[in-house]
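Engineer: First, the structure itself, so that you have it in front of you.
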Amino acid sequence: MTPAPRKTLTLLVNLGTPDDATAGAVRRYLAEFLHDYRVVDLSRWLWCILLHFIILPIRSGRVARNYAKIWHAEGSPLLVHSRRLAENLQHQMPNTTVALAMRYGKPAVSEVLDRYPDLDELTVLPLYPQYSATTSGSVFDAISRHYQARERVPGIRFIADYHRHPAWLDAMEARIRSHWDLHGRGQRLLFSFHGIPVRFAERGDPYPQQCRAGAEALAERLGLSADEWLLTFQSRFGREPWLQPYTDKTLEQLGRDGLASVDIVCPGFAVDCLETLEEIAVENAHVFRDAGGGELRYISALNEEPGHVAALAKVLESGGQAA
Ligand SMILES: C=CC1=C(C)c2cc3[nH]c(cc4nc(cc5[nH]c(cc1n2)c(C)c5CCC(=O)O)C(CCC(=O)O)=C4C)c(C)c3C=C
Ligand SMILES: [Fe+2]
Ligand SMILES: [Fe+2]
């Protein structure tokens, strides 16, 4: 008798996003996101008061207006691109089922896993090239929480990061070169990553080292000398110090220096989202121009393009490790 084929699932997990660009939907999304202790580790009673009575009422409307500027006909860019990426990866990998889940919002990790109750093997690929406890670590928590309440736990492979994987570096390099082919080179290339609090890095989150290692590898592949590129951190939240240099402050300085054109790429974001399309391509372009600079040219994320799909298939084949 031939054994039954093993049931395997490859689960892509991204951050999540509101259901629509309204204050109510953003509030529900932010409430789930910002209750995650991996993301905000203040004592619960203090944080719940701040969150429910100050942050959510003030922030939700403003952030909803920002989402409205970038919303696609089919929904939030983060969800639309992540869905297309999962569909394209399914075509590339016909021997396993590929599914998509979101850490916060819909489709929730647990709801997606419940569609596959009798799996033999699960591979989890958080859509973050660089590991951070705040992102990939939190995806791990959601997977583990799901199976804590189930009888049957499959074999699980968790891809913690792929920041130096040659296939991902190939795709990123090609993305930047194709931007240069179309638009010419800017006077600087900024690698802008989402920040985290410095305190998190000091207690052992390897995220900043992985951001730096990836940016250095890309700069070397692109033949950039040390004065042609910069590594910066964006999307600060709250009052404590976050990883520096900050993207907006750096662009302000480059504007004051009178640079006419700066290219900016965000290698921490697998797909375009609020933090790239609005914060970088709109807000930071204004910061640069208002300080006296010229054009800030945003190099879009890899999204669902074939090079990204091929890279993730290789990352999955090799379990995240370079061959
Ligand atoms: C790419 C990696 C990310 C890290 C690391 C990260 C850490 C982190 N984020 C917040 C707070 C917010 N982030 C928000 C949006 C957002 N963050 C990421 C990715 C990372 N976050 C993405 C892809 C997005 C965009 C989501 C979308 O729908 O497009 C937001 C929401 C927007 C806002 O209110 O400004 C918050 C809040 C913290 C506190 C943190 C680490 C401690
Ligand atoms: Fe609360
Ligand atoms: Fe974030």
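Convention: chains lettered A, B, ... in structure tokens order; per-chain residue numbering from 1; ligands numbered from 1 as shown.
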Determine, counting only C-alpha atoms, which protein, DNA and RNA residues have an atom within 12 Å of an atom of Val282 of chain A; residues of the same chain fewer than 5 positions away are not included. Present the result as a ChimeraX atom specification.

Structural biologist: /A:66-67,69-70,248,274-277,287-289,295-298

Engineer: Okay, now the selection with C-alpha atoms, as a compact mmCIF listing (two decimals), in the first residue's frame?

Structural biologist:
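What follows is the written file selection_38.txt:
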```txt
# COMPACT_ATOMS: atom_id res chain seq x y z
CA ASN A 66 -3.46 58.61 5.96
CA TYR A 67 -4.76 55.17 4.98
CA LYS A 69 -4.61 58.51 0.74
CA ILE A 70 -3.14 55.15 -0.30
CA ASP A 248 13.00 62.17 8.63
CA LEU A 274 1.14 52.72 4.91
CA GLU A 275 4.72 53.09 6.12
CA THR A 276 6.19 53.15 2.61
CA LEU A 277 3.47 54.66 0.40
CA VAL A 287 10.18 66.90 4.67
CA PHE A 288 13.04 66.71 2.16
CA ARG A 289 11.61 69.35 -0.15
CA GLU A 295 13.11 64.99 -5.41
CA LEU A 296 12.80 62.01 -3.06
CA ARG A 297 12.39 58.97 -5.30
CA TYR A 298 10.79 56.03 -3.53
```

Engineer: Write down as a ChimeraX atom specification the residues of segment 26-267 of chain A whose backbone DSSP state falls under alpha helix (DSSP H).

Structural biologist: /A:26-34,44-50,56-70,77-92,109-113,136-148,166-183,198-202,207-221,247-256

Engineer: Show me which residues line ligand 2, defined as having an atom within 9 Å of a ligand atom where only C-alpha atoms and all ligand atoms count, and present them as an NGL selection string.

Structural biologist: :A and (31-32 or 34-35 or 44-45 or 47-52)

Engineer: Which residues of chain A have any atom within 7 Å of an atom in ligand 1 when counting only C-alpha atoms and all ligand atoms, and what is the closest pair of atoms for each, with the distance in Å to one decimal? Order the rows by chain and rising number and write it as a Markdown table.

Structural biologist:
```
| residue | atom | partner | partner_atom_place_in_ligand_line | distance |
| --- | --- | --- | --- | --- |
| A:Leu15 | CA | ligand 1 | 23 (C) | 5.8 |
| A:Gly16 | CA | ligand 1 | 28 (O) | 5.9 |
| A:Thr17 | CA | ligand 1 | 28 (O) | 3.6 |
| A:Pro18 | CA | ligand 1 | 28 (O) | 6.2 |
| A:Leu30 | CA | ligand 1 | 37 (C) | 6.4 |
| A:Leu34 | CA | ligand 1 | 37 (C) | 6.8 |
| A:Val39 | CA | ligand 1 | 42 (C) | 4.3 |
| A:Val40 | CA | ligand 1 | 42 (C) | 5.9 |
| A:Arg59 | CA | ligand 1 | 34 (O) | 6.6 |
| A:Val63 | CA | ligand 1 | 34 (O) | 5.7 |
| A:Ser76 | CA | ligand 1 | 28 (O) | 6.7 |
| A:Pro77 | CA | ligand 1 | 29 (O) | 6.7 |
| A:Leu78 | CA | ligand 1 | 29 (O) | 5.1 |
| A:Tyr128 | CA | ligand 1 | 1 (C) | 6.1 |
| A:Ser132 | CA | ligand 1 | 5 (C) | 5.8 |
| A:Thr134 | CA | ligand 1 | 41 (C) | 5.5 |
| A:Thr135 | CA | ligand 1 | 5 (C) | 5.7 |
| A:Phe193 | CA | ligand 1 | 1 (C) | 7.0 |
| A:His194 | CA | ligand 1 | 3 (C) | 5.2 |
| A:Gly195 | CA | ligand 1 | 5 (C) | 5.9 |
| A:Ile196 | CA | ligand 1 | 41 (C) | 4.6 |
| A:Pro197 | CA | ligand 1 | 42 (C) | 6.0 |
| A:Ser235 | CA | ligand 1 | 13 (N) | 6.9 |
| A:Phe237 | CA | ligand 1 | 39 (C) | 5.5 |
| A:Gly268 | CA | ligand 1 | 1 (C) | 4.8 |
| A:Phe269 | CA | ligand 1 | 1 (C) | 5.0 |
| A:Cys273 | CA | ligand 1 | 29 (O) | 3.7 |
| A:Leu274 | CA | ligand 1 | 29 (O) | 3.8 |
| A:Glu275 | CA | ligand 1 | 25 (C) | 5.2 |
```

Engineer: Quick one: residues within 8 Å of segment 307-322 of chain A, only C-alpha atoms counted, chain neighbours fewer than 3 positions away excluded, as a list of chain:residue names?

Structural biologist: A:Leu85, A:Asn88, A:Leu89, A:Gln92, A:Met93, A:Leu125, A:Arg157, A:Ile159, A:Ala160, A:Asp161, A:Tyr162, A:Arg164, A:His165, A:Pro166, A:Ala167, A:Trp168, A:Asp170, A:Ala171, A:Leu302, A:Asn303, A:Glu304
